[in-house]
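Encoded as structure tokens, the structure appears first; notes follow it.
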Amino acid sequence: MVEFLSFRDGEATQEPAVTVESFTGQSNSTAVRIEAGEDARELLPYLDRLSLVEVNFPAYGDGRGYSAARILRESGYQGELRAVGDVLVDQINAMRRCGFDSFHPAKPLDDAAVERALNRYADVYQKTIDGRQPVWAKRHPEKIDG
Amino acid sequence: MYRYDSYDQSIVDARVEEFRDQVQRRLTGALTEDQFKPLRLMNGLYLQLHAYMLRVAIPYGTLSGKQMRKLGEIAAKYDKGYGHFTTRQNLQYNWIKLADAPDILAELATVEMHAIQTSGNCIRNISSDQYAGVSADEVADPRPWAELLRQWSSFHPEFTYLPRKFKICVIASDDDRAAMKLHDIGLKLVSKDGVIGAEVYAGGGMGRTPMVAPQIRDFVPEEEIVSYLEACLRVYNRYGRRDNKYKARIKILVHEIGVEEYKRQVEEEFAHMRELGLNPPTEELDRIRAFFAAPAYETGLSEAIDRADPAFALWVDRQVAAHKAPGYAIVNISLKPLTGIPGDASAEQIELVATLAEQYSLDELRVTHAQNLVLPHVRKADLYAIWQKLDEAGLAEANLDLITDIIACPGLDYCALANARSIPLAQKIAQRFADAERQTELGELKLKISGCINACGHHHAGHIGILGVDRKGVENFQLLLGGSGAEDASLGQITGPGFSEDGVVDAIEKVTDIYLAERTDGERFLDTYRRIGMKPFKEAIYG
Amino acid sequence: MKILTGNDLVSGDVIWWAGDGWSRQVGDSVDVGDHGEDLARTEEAALRVVGAYVIDATVTDEGVRPAHIKDRIRALGPTVRPDLNLKPNDADAGNWVI
């Protein structure tokens with residue numbers, strides 16, 4: 001079983017994450033935690049100094065964190081993006097696609113199940129910021145740069 | 001028709017294996033029911049009143065003969081010999097064993113079908129016009145768009161845990177045969193300066209708070225539809241209510257913040273989204289479109305129909321619609337025999353329709369939201385042969401859009417959510433109005449029954465609607481008048497206090513009597529109701 | 001009386017707690033008293049039942065009768081398919097649920 005998963009090079013950020021409110025109100029923190037319902041765009045002016053954004057999933061069915069993650073990545077955030085809370089193995093793949101690169105689930109995950117989940121789908125239909133070529137790009141390689 | 005390429009097939013095959021793994025984990029106890037439930041729902045597997053129920057997606061209601069045959073085979077092999085066509089153009093099996101579900105999905109995958117996202121708080125099967133590609137009045141065949149959206153919505157990583165389910169409909173005619181404005185998002189294809197695009201409607205739906213969707217954009221060019229929908233969905237995913245499941249549909253968000261504010265937020269998000277390169281190139285829509293190119297219709301066909309057999313002539317007048325190609329017709333097959341179950345078809349009937357599609361309809365058929373079937377490309381010269389075969393199989397009822405062509409949800413006979421039985425009531429109404437002349441005299445009259453407030457039977461959109469409720473443990477039925485799911489969409493109004501099962505049948509008879517007495521030339525029931533209002537009907541019912 | 005019902009995990013069949021195991025026949029149901037919830041948890045953990053819940057029922061001349069119509073329909077089967085319900089030879093079976 002695995003309690004923390006990272007897909008980043010190097011060590012995970014250790015700094016404790018502060019709330020969005022206290023982060024935007026002070027200048028020295030580099031780690032912030034977004035709760036479901038908080039606006040990820042509030043962080044956009046500070047992306048350069050952030051090294052960790054934690055996005056909390058209070059329940060697996062609360063999908064707001066997927067949008068938060070994509071918004072941050074679409075806006076150029078390069079630091080660690082960590083999913084925390086009720087994160088289940090069957091969701092890891094979608095979370096990776098939305099830009100999460102580390103996971104700290106409330107309940108540990110089975111390593112083998114994680115491996116299977118991440119390698120299950122060779123192809124994807126949507127373009128996201130994860131860099132994977134969607135099926136439509138593979139179908140029309142001449143139309144797609146790179 | 002669309003055919004999978006190796007990418008589509010590999011994704012569906014991977015889904016089968018993923019679900020096999022999930023079922024295995026459940027059967028060995030590695031997953032509790034609480035953990036398994038969202039996973040099985042994402043694949044259309046419910047635990048219903050009597051057993052597991054599997055909902056199979058029929059994308060935009062289009063099937064080949066081979067696919068239909070497979071649906072019949074599965075009904076015979078894994079179920080109790082029948083299936084139920086739903087108001088979302090899907091098919092449900094009522095008696096599935098959990099251990100069989102992965103094998104059923106594997107069989108479906110062999111004919112390019114699946115049950116992906118037929119439940120759960122995600123983007124559901126895309127619905128469309130059952131006459132797509134064959135009606136003369138459409139701007140374009142809407143199905144290439146629907147297929148593009150099927151692919152875009154399948155396993156969308158951001159929109160799999162929405163506040164609530166999300167239903168999208170695509171049509172391309174002024175005549176709305178798919179209840180487009182009662183979807184979370186409805187798209188109507190239009191042509192503007194020679195460019196195809198879509199009018200977009202958002203926030204429609206039935207359920208306990210029915211709403212007709214307002215228009216939120218008069219034109220999205222076809223090459224930007226994906227990024228525009230991403231914007232619509234993102235705003236909903238972020239701001240749709242999650243504190244109360246009954247207020248979580250997009251219609252509540254649009255209603256609470258106002259359509260102008262929702263539009264503003266979508267436009268803001270769209271301005272961002274359209275810069276991200278999310279839209280497939282036009283070549284991809286062209287690729288899909290090629291699959292839906294008009295088939296090679298024969299030319300020089302006769303327009304004549306031999307009407308010597310009066311039963312056949314009656315059926316032709318009621319069930320056959322105009323086709324855009326000379327010598328061809330559209331055949332509507334009623335799944336509403338007077339003593340039958342609306343939408344149900346036996347394995348043998350499914351098999352027969354598959355064969356008819358292959359023999360007479362260029363290997364294609366459709367499912368309608370009114371729970372009927374369509375053979376879209378039939379030579380007029382073949383109509384009599386088709387009718388004879390349908391008649392032998394109990395499928396030649398001539399009641400399209402008449403009072404006995406009843407939409408009914410499965411109700412308390414099958415559904416764990418229901419408060420009252422819909423099907424026995426549908427049967428009683430059908431028997432009361434069984435006389436063919438009487439039905440024809442009443443004309444177009446869409447009667448829709450739901451067994452609970454979730455409105456799977458579209459009662460809000462019925463010219464006459466019926467809602468089953470539980471009154472102290474006894475089934476009770478409320479009557480609604482004046483709804484429509486068509487281009488003139490409107491929501492029915494409740495007449496007053498509810499009725500017993502027999503009482504509501506009597507009330508409907510009184511309502512139709514008022515209509516017959518009050519109508520002017522050419523008025524449908526709905527037109528008369530709209531002209532004279534609720535009062536005369538109410539007086540007749542409760543007098 | 002209180003009786004316990006649910007669905008068989010593997011087949012999905014409607015089942016009733018009969019004291020020493022599960023039965024397909026509502027008539028085999030036994031009074032579970034205050035133990036229904038515990039029993040449901042134990043049996044669910046043992047993978048013998050899914051969605052187990054306790055309901056009110058009475059004993060009549062015709063046997064055990066669930067208090068609510070929904071559970072009577074579960075006990076009988078769909079009233080519109082007498083060929084599939086649990087009393088296929090009883091033409092009057094549909095009235096039992098009302």
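All residue names refer to the structure tokens as shown: chains lettered A, B, ... in order, residues numbered from 1 in each chain, ligands numbered from 1 in order.
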Report as number ranges by chain all protein, DNA and RNA residues lying within 12 Å of C:Ala91, evaluated on only C-alpha atoms, omitting residues in the same chain fewer than 5 positions from it. C: 79-83, 85-86, 96
Show which residues sit within 9 Å of A:Leu50, as JSON, numbers by chain. Count only C-alpha atoms, and ignore same-chain residues fewer than 4 positions away. {"A": [29, 30, 31, 32, 43, 46, 77, 78, 79, 80]}
Surrounding residues of stretch 175-182 of chain B excluding itself and chain neighbours under 2 positions, 6 Å, only C-alpha atoms, as a list in words: Ser128, Asp129, Cys169, Ser173, Gly186, Gly204, Gly205, Val212, Ala213, Gly485, Ala486 and Glu487 of chain B
Could you please tell me, as a ChimeraX atom specification, which residues of chain B have an atom within 6 Å of chain A when using only C-alpha atoms? /B:151-152,157-158,161-162,238,278
Next, the residues of the selection above should be written as a CSV table (one decimal), in the first residue's frame with N, CA and C atoms.
```
chain,number,residue,atom,x,y,z
B,151,GLN,N,-17.5,11.1,-28.3
B,151,GLN,CA,-16.1,10.9,-28.1
B,151,GLN,C,-15.5,11.9,-27.1
B,152,TRP,N,-15.8,13.1,-27.3
B,152,TRP,CA,-15.3,14.2,-26.4
B,152,TRP,C,-15.8,13.9,-24.9
B,157,PRO,N,-11.9,13.8,-18.4
B,157,PRO,CA,-11.2,13.8,-17.0
B,157,PRO,C,-11.8,14.9,-16.1
B,158,GLU,N,-12.2,16.0,-16.6
B,158,GLU,CA,-12.7,17.1,-15.7
B,158,GLU,C,-14.1,16.9,-15.4
B,161,TYR,N,-17.2,13.9,-12.4
B,161,TYR,CA,-17.9,14.0,-11.1
B,161,TYR,C,-18.5,15.4,-11.0
B,162,LEU,N,-19.5,15.6,-11.9
B,162,LEU,CA,-20.2,16.8,-11.9
B,162,LEU,C,-21.2,16.9,-10.7
B,238,ARG,N,-17.9,24.0,-11.5
B,238,ARG,CA,-17.4,24.8,-10.4
B,238,ARG,C,-18.5,25.4,-9.6
B,278,LEU,N,-8.3,23.1,-27.9
B,278,LEU,CA,-9.1,21.9,-27.4
B,278,LEU,C,-9.9,21.3,-28.6
```
For chain C, which residues have at least one atom within 6 Å of chain B, if we go by only C-alpha atoms? Write them as number ranges by chain, please. C: 10-14, 74, 78
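Residues of chain C that DSSP places in helix (DSSP H, G or I), based on the backbone of this structure, are Val26, Gly27, Asp28, Gly36, Glu37, Asp38, Leu39, Ala40, Arg41, Thr42, Glu43, Glu44, Ala45, Ile69, Lys70, Asp71, Arg72, Ile73, Arg74, Ala75, Leu76, Ala93, Gly94, Asn95 and Trp96 of chain C.
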